[in-house]
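J.: Okay, so here is target_32.cif, and as you'll see once you scroll down, it has mmCIF, C-alpha atoms and all ligand atoms.
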```
data_protein
loop_
_atom_site.label_atom_id
_atom_site.label_comp_id
_atom_site.auth_asym_id
_atom_site.auth_seq_id
_atom_site.Cartn_x
_atom_site.Cartn_y
_atom_site.Cartn_z
CA MET A 1 14.91 49.83 72.82
CA ARG A 2 18.31 50.15 74.39
CA THR A 3 19.59 50.29 77.96
CA ARG A 4 23.07 50.85 79.32
CA PHE A 5 25.27 50.47 82.34
CA ALA A 6 27.80 53.28 82.58
CA PRO A 7 30.28 52.77 85.41
CA SER A 8 33.40 54.78 86.12
CA PRO A 9 36.48 52.57 86.43
CA THR A 10 37.56 54.14 89.70
CA GLY A 11 37.06 51.17 91.99
CA PRO A 12 35.74 47.62 92.17
CA LEU A 13 32.12 46.92 91.26
CA HIS A 14 29.95 45.99 94.23
CA LEU A 15 26.43 44.67 94.77
CA GLY A 16 24.89 48.07 93.96
CA HIS A 17 26.52 48.04 90.53
CA ALA A 18 25.36 44.47 90.00
CA PHE A 19 21.81 45.61 90.76
CA SER A 20 21.99 48.40 88.17
CA ALA A 21 23.65 46.35 85.47
CA ILE A 22 21.38 43.32 85.91
CA THR A 23 18.23 45.48 85.98
CA ALA A 24 19.27 47.16 82.72
CA PHE A 25 20.28 43.86 81.11
CA ASP A 26 17.08 42.04 82.12
CA LEU A 27 14.85 44.89 80.94
CA ALA A 28 16.58 44.97 77.55
CA ARG A 29 16.22 41.22 77.24
CA ALA A 30 12.57 41.23 78.29
CA LYS A 31 11.75 43.84 75.67
CA GLY A 32 13.87 42.38 72.90
CA GLY A 33 16.23 45.34 73.12
CA GLU A 34 19.94 45.82 73.51
CA PHE A 35 22.11 46.34 76.60
CA LEU A 36 25.27 48.46 76.27
CA LEU A 37 28.25 48.94 78.53
CA ARG A 38 29.91 52.37 78.54
CA ILE A 39 33.04 53.31 80.44
CA GLU A 40 32.80 56.77 82.03
CA ASP A 41 36.48 57.52 82.48
CA THR A 42 36.73 61.28 82.04
CA ASP A 43 38.51 61.48 85.38
CA ARG A 44 41.83 60.21 84.08
CA ALA A 45 43.59 60.43 87.43
CA ARG A 46 41.11 58.19 89.24
CA SER A 47 40.33 55.80 86.36
CA LYS A 48 42.53 52.71 86.25
CA PRO A 49 42.90 50.09 83.51
CA ALA A 50 42.73 47.34 86.15
CA PHE A 51 39.31 48.57 87.32
CA GLU A 52 38.14 48.75 83.71
CA GLN A 53 39.23 45.18 83.10
CA ALA A 54 37.51 44.11 86.32
CA ILE A 55 34.25 45.69 85.09
CA HIS A 56 34.36 43.45 82.01
CA ASP A 57 35.28 40.40 84.09
CA ASP A 58 32.65 40.94 86.77
CA LEU A 59 29.81 41.65 84.36
CA GLY A 60 30.80 38.71 82.16
CA TRP A 61 30.84 36.48 85.23
CA LEU A 62 27.33 37.69 86.11
CA GLY A 63 26.22 36.38 82.72
CA LEU A 64 25.74 39.74 81.03
CA SER A 65 26.87 40.43 77.47
CA TRP A 66 27.04 43.54 75.34
CA PRO A 67 28.19 44.59 71.88
CA LYS A 68 31.82 45.53 71.28
CA PRO A 69 33.63 47.85 70.99
CA VAL A 70 32.72 49.46 74.28
CA TRP A 71 32.77 53.26 74.25
CA ARG A 72 35.13 55.06 76.56
CA GLN A 73 34.32 58.65 77.38
CA SER A 74 38.02 59.54 77.44
CA GLU A 75 38.02 58.95 73.67
CA ARG A 76 35.07 61.26 73.09
CA LEU A 77 36.14 64.44 74.85
CA HIS A 78 36.03 66.44 71.61
CA LEU A 79 32.31 65.70 71.28
CA TYR A 80 31.59 67.03 74.75
CA GLU A 81 33.65 70.09 73.84
CA ALA A 82 31.49 70.62 70.78
CA ALA A 83 28.37 70.48 72.97
CA ILE A 84 29.89 73.02 75.36
CA GLU A 85 30.75 75.28 72.41
CA ASP A 86 27.14 75.03 71.31
CA LEU A 87 25.99 76.20 74.75
CA ILE A 88 28.61 78.98 74.72
CA ALA A 89 27.28 80.14 71.35
CA LYS A 90 23.83 80.31 72.93
CA ASP A 91 25.30 82.56 75.66
CA LEU A 92 24.43 80.12 78.43
CA VAL A 93 27.90 79.54 79.86
CA TYR A 94 30.27 81.49 82.08
CA PRO A 95 33.75 80.81 83.42
CA CYS A 96 34.14 80.20 87.13
CA SER A 97 37.36 80.42 89.07
CA CYS A 98 35.87 79.72 92.50
CA SER A 99 37.54 77.09 94.61
CA ARG A 100 35.44 74.84 96.79
CA ALA A 101 36.50 76.95 99.76
CA ASP A 102 35.33 80.13 97.97
CA ILE A 103 31.97 78.55 97.32
CA GLN A 104 31.62 77.34 100.88
CA SER A 105 32.35 80.72 102.35
CA ALA A 106 30.05 82.51 99.89
CA LEU A 107 27.10 80.38 100.90
CA SER A 108 25.55 82.51 103.60
CA ALA A 109 24.09 79.64 105.58
CA PRO A 110 26.41 76.67 105.46
CA GLN A 111 24.24 74.01 103.93
CA GLU A 112 24.71 70.34 104.06
CA GLY A 113 26.22 69.04 100.83
CA VAL A 114 23.96 67.16 98.48
CA THR A 115 25.91 64.04 99.21
CA HIS A 116 24.27 61.86 96.59
CA LEU A 117 25.42 64.06 93.73
CA PRO A 118 29.00 64.62 92.60
CA PRO A 119 31.02 67.18 94.58
CA ASP A 120 30.42 69.91 92.03
CA ALA A 121 26.70 69.61 92.70
CA HIS A 122 26.52 72.00 95.65
CA VAL A 123 24.21 74.81 94.67
CA TYR A 124 26.53 77.49 93.44
CA PRO A 125 25.99 80.97 94.92
CA GLY A 126 26.60 82.66 91.56
CA THR A 127 29.79 84.54 92.40
CA CYS A 128 31.17 84.41 88.84
CA ARG A 129 27.81 84.54 87.02
CA GLY A 130 27.87 87.05 84.20
CA ARG A 131 31.61 86.87 83.64
CA PRO A 132 32.32 86.84 79.90
CA ILE A 133 34.32 84.06 78.29
CA LEU A 134 37.17 86.03 76.76
CA SER A 135 39.33 83.00 76.24
CA ARG A 136 39.26 79.48 77.66
CA ARG A 137 41.65 79.34 80.61
CA LYS A 138 42.86 76.16 82.29
CA THR A 139 42.20 77.71 85.66
CA ASP A 140 38.48 78.17 84.99
CA ALA A 141 35.59 75.78 85.21
CA LEU A 142 32.59 76.48 82.99
CA ARG A 143 29.10 76.74 84.43
CA LEU A 144 25.63 76.75 82.93
CA ASP A 145 23.65 79.91 83.65
CA LEU A 146 20.50 78.12 84.77
CA ALA A 147 18.23 81.19 84.73
CA LYS A 148 19.14 81.90 81.11
CA ALA A 149 18.77 78.23 80.21
CA LEU A 150 15.31 78.11 81.80
CA ASN A 151 14.31 81.17 79.81
CA LEU A 152 14.89 79.08 76.70
CA THR A 153 13.57 75.70 77.78
CA GLY A 154 11.43 76.12 80.89
CA PRO A 155 11.46 73.13 83.24
CA GLN A 156 11.38 69.88 81.30
CA PRO A 157 9.37 66.87 82.44
CA PHE A 158 10.75 63.36 82.57
CA GLU A 159 9.00 60.03 82.57
CA GLU A 160 9.98 57.75 85.42
CA ILE A 161 9.06 54.07 85.31
CA GLY A 162 11.04 52.91 88.35
CA PRO A 163 8.90 51.35 91.08
CA LEU A 164 9.77 53.98 93.70
CA HIS A 165 8.42 57.17 92.08
CA PRO A 166 6.65 56.24 88.87
CA GLY A 167 5.02 58.95 86.80
CA LEU A 168 5.79 62.23 85.08
CA HIS A 169 8.09 64.52 87.04
CA GLN A 170 8.58 68.21 86.44
CA TRP A 171 10.42 70.46 88.84
CA SER A 172 9.44 74.11 89.14
CA HIS A 173 11.79 76.98 88.24
CA ALA A 174 12.11 77.72 91.93
CA ARG A 175 13.08 74.19 92.86
CA LEU A 176 15.61 73.95 90.05
CA GLN A 177 17.18 77.19 91.20
CA ALA A 178 17.15 76.21 94.87
CA GLU A 179 18.37 72.64 94.53
CA ILE A 180 20.37 72.47 91.28
CA GLY A 181 21.57 75.94 90.31
CA ASP A 182 24.40 76.72 87.90
CA ILE A 183 25.94 73.30 87.39
CA VAL A 184 29.49 72.74 86.20
CA LEU A 185 29.73 71.80 82.52
CA TYR A 186 33.51 71.68 82.33
CA ARG A 187 35.70 70.69 85.29
CA ARG A 188 39.05 72.30 85.69
CA ASP A 189 40.33 69.52 88.01
CA ILE A 190 40.06 66.93 85.23
CA GLN A 191 40.24 69.40 82.31
CA ALA A 192 37.25 67.75 80.72
CA ALA A 193 33.48 67.91 80.50
CA ALA A 194 31.54 67.21 83.66
CA TYR A 195 29.25 64.24 84.18
CA HIS A 196 25.88 65.85 83.32
CA LEU A 197 27.17 67.02 79.96
CA SER A 198 28.98 63.87 78.86
CA VAL A 199 26.16 61.59 79.99
CA VAL A 200 23.47 63.35 77.93
CA VAL A 201 25.71 63.53 74.86
CA ASP A 202 26.51 59.82 75.04
CA ASP A 203 23.03 58.57 75.93
CA ALA A 204 21.81 60.37 72.81
CA ALA A 205 24.71 59.26 70.61
CA GLN A 206 24.17 55.63 71.62
CA GLY A 207 20.40 55.82 71.14
CA ILE A 208 19.70 54.89 74.76
CA THR A 209 15.93 54.78 75.22
CA TYR A 210 15.85 53.67 78.88
CA VAL A 211 18.27 55.08 81.45
CA ILE A 212 18.43 52.70 84.40
CA ARG A 213 20.43 53.81 87.42
CA GLY A 214 20.27 54.22 91.18
CA MET A 215 18.02 56.62 93.07
CA ASP A 216 21.15 58.61 93.96
CA LEU A 217 20.94 60.06 90.44
CA PHE A 218 17.20 60.79 90.45
CA GLU A 219 17.86 64.45 91.18
CA ALA A 220 20.37 64.64 88.36
CA THR A 221 17.58 64.00 85.88
CA PRO A 222 15.82 67.42 85.80
CA ILE A 223 19.05 69.18 84.80
CA GLN A 224 19.97 66.48 82.30
CA ARG A 225 16.54 67.01 80.71
CA ILE A 226 17.27 70.72 80.35
CA LEU A 227 20.66 69.97 78.76
CA GLN A 228 19.01 67.54 76.35
CA THR A 229 16.55 70.21 75.28
CA LEU A 230 19.24 72.88 74.91
CA LEU A 231 21.32 70.52 72.77
CA SER A 232 18.32 69.22 70.77
CA LEU A 233 18.92 65.68 72.00
CA PRO A 234 16.17 63.08 72.42
CA THR A 235 15.15 62.15 75.93
CA PRO A 236 15.08 58.63 77.27
CA ILE A 237 12.63 57.14 79.76
CA TYR A 238 14.11 56.88 83.26
CA HIS A 239 14.12 54.07 85.78
CA HIS A 240 15.78 54.88 89.09
CA HIS A 241 16.05 51.86 91.32
CA ARG A 242 16.49 51.38 95.03
CA LEU A 243 19.99 51.48 96.43
CA ILE A 244 21.72 48.52 97.98
CA ARG A 245 22.69 49.30 101.55
CA ASP A 246 24.88 47.69 104.14
CA GLU A 247 23.51 46.36 107.42
CA THR A 248 23.76 49.82 108.99
CA GLY A 249 21.61 51.29 106.23
CA LYS A 250 24.48 53.10 104.52
CA ARG A 251 24.53 52.98 100.73
CA LEU A 252 27.40 50.95 99.32
CA ALA A 253 30.31 52.95 97.95
CA LYS A 254 33.29 52.00 95.83
CA ARG A 255 35.42 51.75 98.93
CA ASP A 256 33.18 48.99 100.29
CA ASP A 257 35.59 46.33 99.12
CA ALA A 258 33.89 43.86 101.42
CA ARG A 259 30.99 43.74 99.00
CA ALA A 260 33.06 43.81 95.83
CA LEU A 261 31.74 41.29 93.33
CA SER A 262 35.22 39.87 92.88
CA ARG A 263 35.33 39.04 96.57
CA TYR A 264 32.03 37.13 96.44
CA ARG A 265 33.29 35.34 93.38
CA ALA A 266 36.55 34.40 95.11
CA GLU A 267 34.52 33.06 98.02
CA GLY A 268 32.73 30.67 95.67
CA LEU A 269 29.37 32.40 95.32
CA THR A 270 27.58 31.98 92.00
CA PRO A 271 25.92 34.67 89.87
CA GLY A 272 22.62 33.15 91.02
CA ASP A 273 23.64 33.79 94.64
CA ILE A 274 24.34 37.43 93.75
CA ARG A 275 20.91 37.79 92.14
CA GLU A 276 19.37 36.30 95.25
CA GLU A 277 21.38 38.56 97.55
CA ILE A 278 20.08 41.68 95.81
CA GLY A 279 16.57 40.37 95.22
CA LEU A 280 16.64 40.07 91.43
CA ALA A 281 15.49 36.63 90.38
CA HIS A 282 16.80 35.38 87.05
CA PRO A 283 14.09 35.99 84.42
CA ASP A 284 14.39 32.38 83.22
CA CYS A 285 13.63 31.17 86.76
CA THR A 286 10.59 33.43 86.89
CA ALA A 287 9.41 32.07 83.55
CA VAL A 288 9.81 28.48 84.77
CA ASN A 289 7.87 29.28 87.94
CA ASP A 290 5.18 31.08 85.97
CA THR A 291 4.52 28.14 83.67
CA SER A 292 4.28 25.78 86.63
CA HIS A 293 1.14 27.55 87.87
N1 LIG B 1 29.01 57.00 85.59
C1 LIG B 1 28.01 57.21 86.60
C2 LIG B 1 28.41 56.50 87.87
O1 LIG B 1 29.27 55.65 87.84
C3 LIG B 1 26.64 56.71 86.21
C4 LIG B 1 26.00 57.55 85.19
C5 LIG B 1 24.55 57.28 84.94
O2 LIG B 1 24.09 56.13 85.10
O3 LIG B 1 23.87 58.21 84.55
O4 LIG B 1 27.86 56.80 88.91
#
```
Can you present the structure in this file as structure tokens?
Ligand code: GLU

T.:
Amino acid sequence: MRTRFAPSPTGPLHLGHAFSAITAFDLARAKGGEFLLRIEDTDRARSKPAFEQAIHDDLGWLGLSWPKPVWRQSERLHLYEAAIEDLIAKDLVYPCSCSRADIQSALSAPQEGVTHLPPDAHVYPGTCRGRPILSRRKTDALRLDLAKALNLTGPQPFEEIGPLHPGLHQWSHARLQAEIGDIVLYRRDIQAAAYHLSVVVDDAAQGITYVIRGMDLFEATPIQRILQTLLSLPTPIYHHHRLIRDETGKRLAKRDDARALSRYRAEGLTPGDIREEIGLAHPDCTAVNDTSH
């Protein structure tokens, strides 16, 4: 069994990242499996070497370890391209030249953005659907034609073992269309594959059997399952965990420097204090307590 933590080096790691990474590490250890670190740096403009180094430092300080070398998505872009070409060959992809403003104005009723998914996750109104791909142009994004994809795969179930919504989940056609729609596979702003595509390619390539991540990505899972099926990739088991929030109930974001792990470390807190802060006891402590009963 294999788990992973897959941060983007676009800011400092905070308590929420610690929760994800420690949960994945502890589960791998408990099951005699392996924990991997993967750097999701396809957004070259926002990814910084200093943040990448800090990821290694912070996780090492927390007591986590992982095999080297660590994969960087920026070094694997050709593999995501190959997956996109595969989907193009299956006639499931169309080019899209819509700007965010175009999309906003085409949505008849302005809907609130799905804030917990990446910005390209707004349900696309389908303006460019059906456009042929004559040649790949830098000014186009590429989108998955969800209706065509569903004709091939149908909705795909996923197994969730997280404590919040355990069980088998399968979204209906209608829900997938209403809440997910024609996702972006290739982003023109970064000139590279989008998150859903690169994450399924890499989870499969690294043999990840358990995907552990925050509840903010729970709704990314049904579309990632469809991509896995289209690309003949195996599917992992999913564990979406609770999100760490600040005292006002807002989920922590990268800009919440106040809760950056490096800041706690500088203030003299220990990794044990961090585990306590986020409610994840060290497994060795649990074992000691257990044997004392
Ligand atoms: N790279 C993603 C992030 O930093 C996480 C991807 C995942 O766990 O599926 O939010």

J.: With a distance cut-off of 12 Å and only C-alpha atoms, select the neighbouring residues of A:Asp273, excluding the residue or stretch itself and same-chain residues fewer than 6 positions from it, and output the selection as a compact mmCIF listing (two decimals) with C-alpha atoms, in the frame of the given file.

T.:
```
# COMPACT_ATOMS: atom_id res chain seq x y z
CA LEU A 15 26.43 44.67 94.77
CA ALA A 18 25.36 44.47 90.00
CA LEU A 62 27.33 37.69 86.11
CA LEU A 261 31.74 41.29 93.33
CA TYR A 264 32.03 37.13 96.44
CA ARG A 265 33.29 35.34 93.38
CA GLU A 267 34.52 33.06 98.02
CA GLY A 279 16.57 40.37 95.22
CA LEU A 280 16.64 40.07 91.43
CA ALA A 281 15.49 36.63 90.38
CA HIS A 282 16.80 35.38 87.05
```

J.: Just how far from atom CA of A:Leu36 is atom CA of A:Ile180, in Å to one decimal?

T.: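 Separation of atom CA of A:Ile180 and atom CA of A:Leu36: 28.7 Å.
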
J.: Per residue of chain A within 7 Å of ligand LIG 1 (chain B), which atom pair is closest and at what distance in Å (one decimal), using all atoms listed in the file, listed by chain and increasing number, as a tab-separated table?

T.:
```
residue	atom	partner	partner_atom	distance
A:Phe5	CA	B:LIG1	O2	6.4
A:Ala6	CA	B:LIG1	N1	4.9
A:Pro7	CA	B:LIG1	O1	3.9
A:Ser8	CA	B:LIG1	O1	4.6
A:Glu40	CA	B:LIG1	N1	5.2
A:Val199	CA	B:LIG1	O3	6.1
A:Val211	CA	B:LIG1	O2	6.9
A:Ile212	CA	B:LIG1	O2	6.7
A:Arg213	CA	B:LIG1	O2	4.9
A:Leu217	CA	B:LIG1	O3	6.8
```

J.: Let me make sure I understand: among A:Leu64, A:Tyr210, A:Ile226, A:Ala193, which one has the smallest atom-to-atom distance to A:His78 if we use all atoms listed in the file?

T.: A:Ala193

J.: List the residues sitting within 12 Å of (15.1, 46.5, 74.1) in the file's frame, using only C-alpha atoms, as an MDAnalysis selection string.

T.: chainID A and resid 1:4 24:36 207:211

J.: Contacts of A:Leu243 at 8 Å or less, counting all atoms listed in the file, minus same-chain residues fewer than 3 places along, as an NGL selection string?

T.: :A and (16 or 214-216 or 251-252)

J.: Let me make sure I understand: among A:Asn151, A:Glu247, A:Thr10, A:Ile22, which one has the smallest atom-to-atom distance to A:Ser65 if we use only C-alpha atoms?

T.: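 The closest residue to A:Ser65 is A:Ile22.
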
J.: List as number ranges by chain the residues having at least one atom at most 12 Å from position (30.4, 78.2, 84.7) as given in the file, counting all atoms listed in the file.

T.: A: 84, 87-88, 91-98, 120, 124-133, 136, 139-146, 181-188, 193-194

J.: Return the single residue from A:Thr248, A:Thr229, A:Ser262, A:Gln206 that is closest to A:Trp71, with distances computed using only C-alpha atoms.

T.: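 Closest to A:Trp71, using only C-alpha atoms: A:Gln206.
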
J.: What does the structure give for the distance between atom CA of A:Arg100 and atom CA of A:Arg245, in Å to one decimal?

T.: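 According to the coordinates, atom CA of A:Arg100 and atom CA of A:Arg245 are separated by 28.9 Å.
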
J.: One number please: atom CA of A:His240 to atom CA of A:Leu164, in Å, one decimal.

T.: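 Rounded to one decimal, the two atoms are 7.6 Å apart.
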
J.: Which is closer to A:Ile161 than all the others in A:Ala253, A:Ser198, A:Gln224, A:Tyr238, using only C-alpha atoms?

T.: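 Ranked by minimum distance to A:Ile161, first place goes to A:Tyr238.
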
J.: Given all atoms listed in the file, how would the per-residue table for stretch 190-278 of chain A near stretch 153-157 of chain A read, listing every residue at most 10 Å away with its closest atom pair and distance in Å to one decimal, sorted by chain and number, as CSV?

T.:
```
residue,atom,partner,partner_atom,distance
A:Thr221,CA,A:Pro157,CA,9.4
A:Pro222,CA,A:Gln156,CA,6.8
A:Ile223,CA,A:Gln156,CA,8.5
A:Gln224,CA,A:Gln156,CA,9.3
A:Arg225,CA,A:Gln156,CA,5.9
A:Ile226,CA,A:Gln156,CA,6.0
A:Leu227,CA,A:Thr153,CA,9.2
A:Gln228,CA,A:Gln156,CA,9.4
A:Thr229,CA,A:Thr153,CA,6.7
A:Leu230,CA,A:Thr153,CA,7.0
A:Thr235,CA,A:Pro157,CA,9.9
```

J.: For A:Glu75, which residue among A:Ala89, A:Asp57, A:Ala192, A:Leu134 is the nearest when counting only C-alpha atoms?

T.: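 Nearest to A:Glu75: A:Ala192.
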
J.: Just the residues within 10 Å of A:Val70, please, counting only C-alpha atoms, with nothing from its chain fewer than 4 positions along; format it as a list in words.

T.: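 Answer for this query is Leu36, Leu37, Arg38, Ile39, His56 and Trp66 of chain A.
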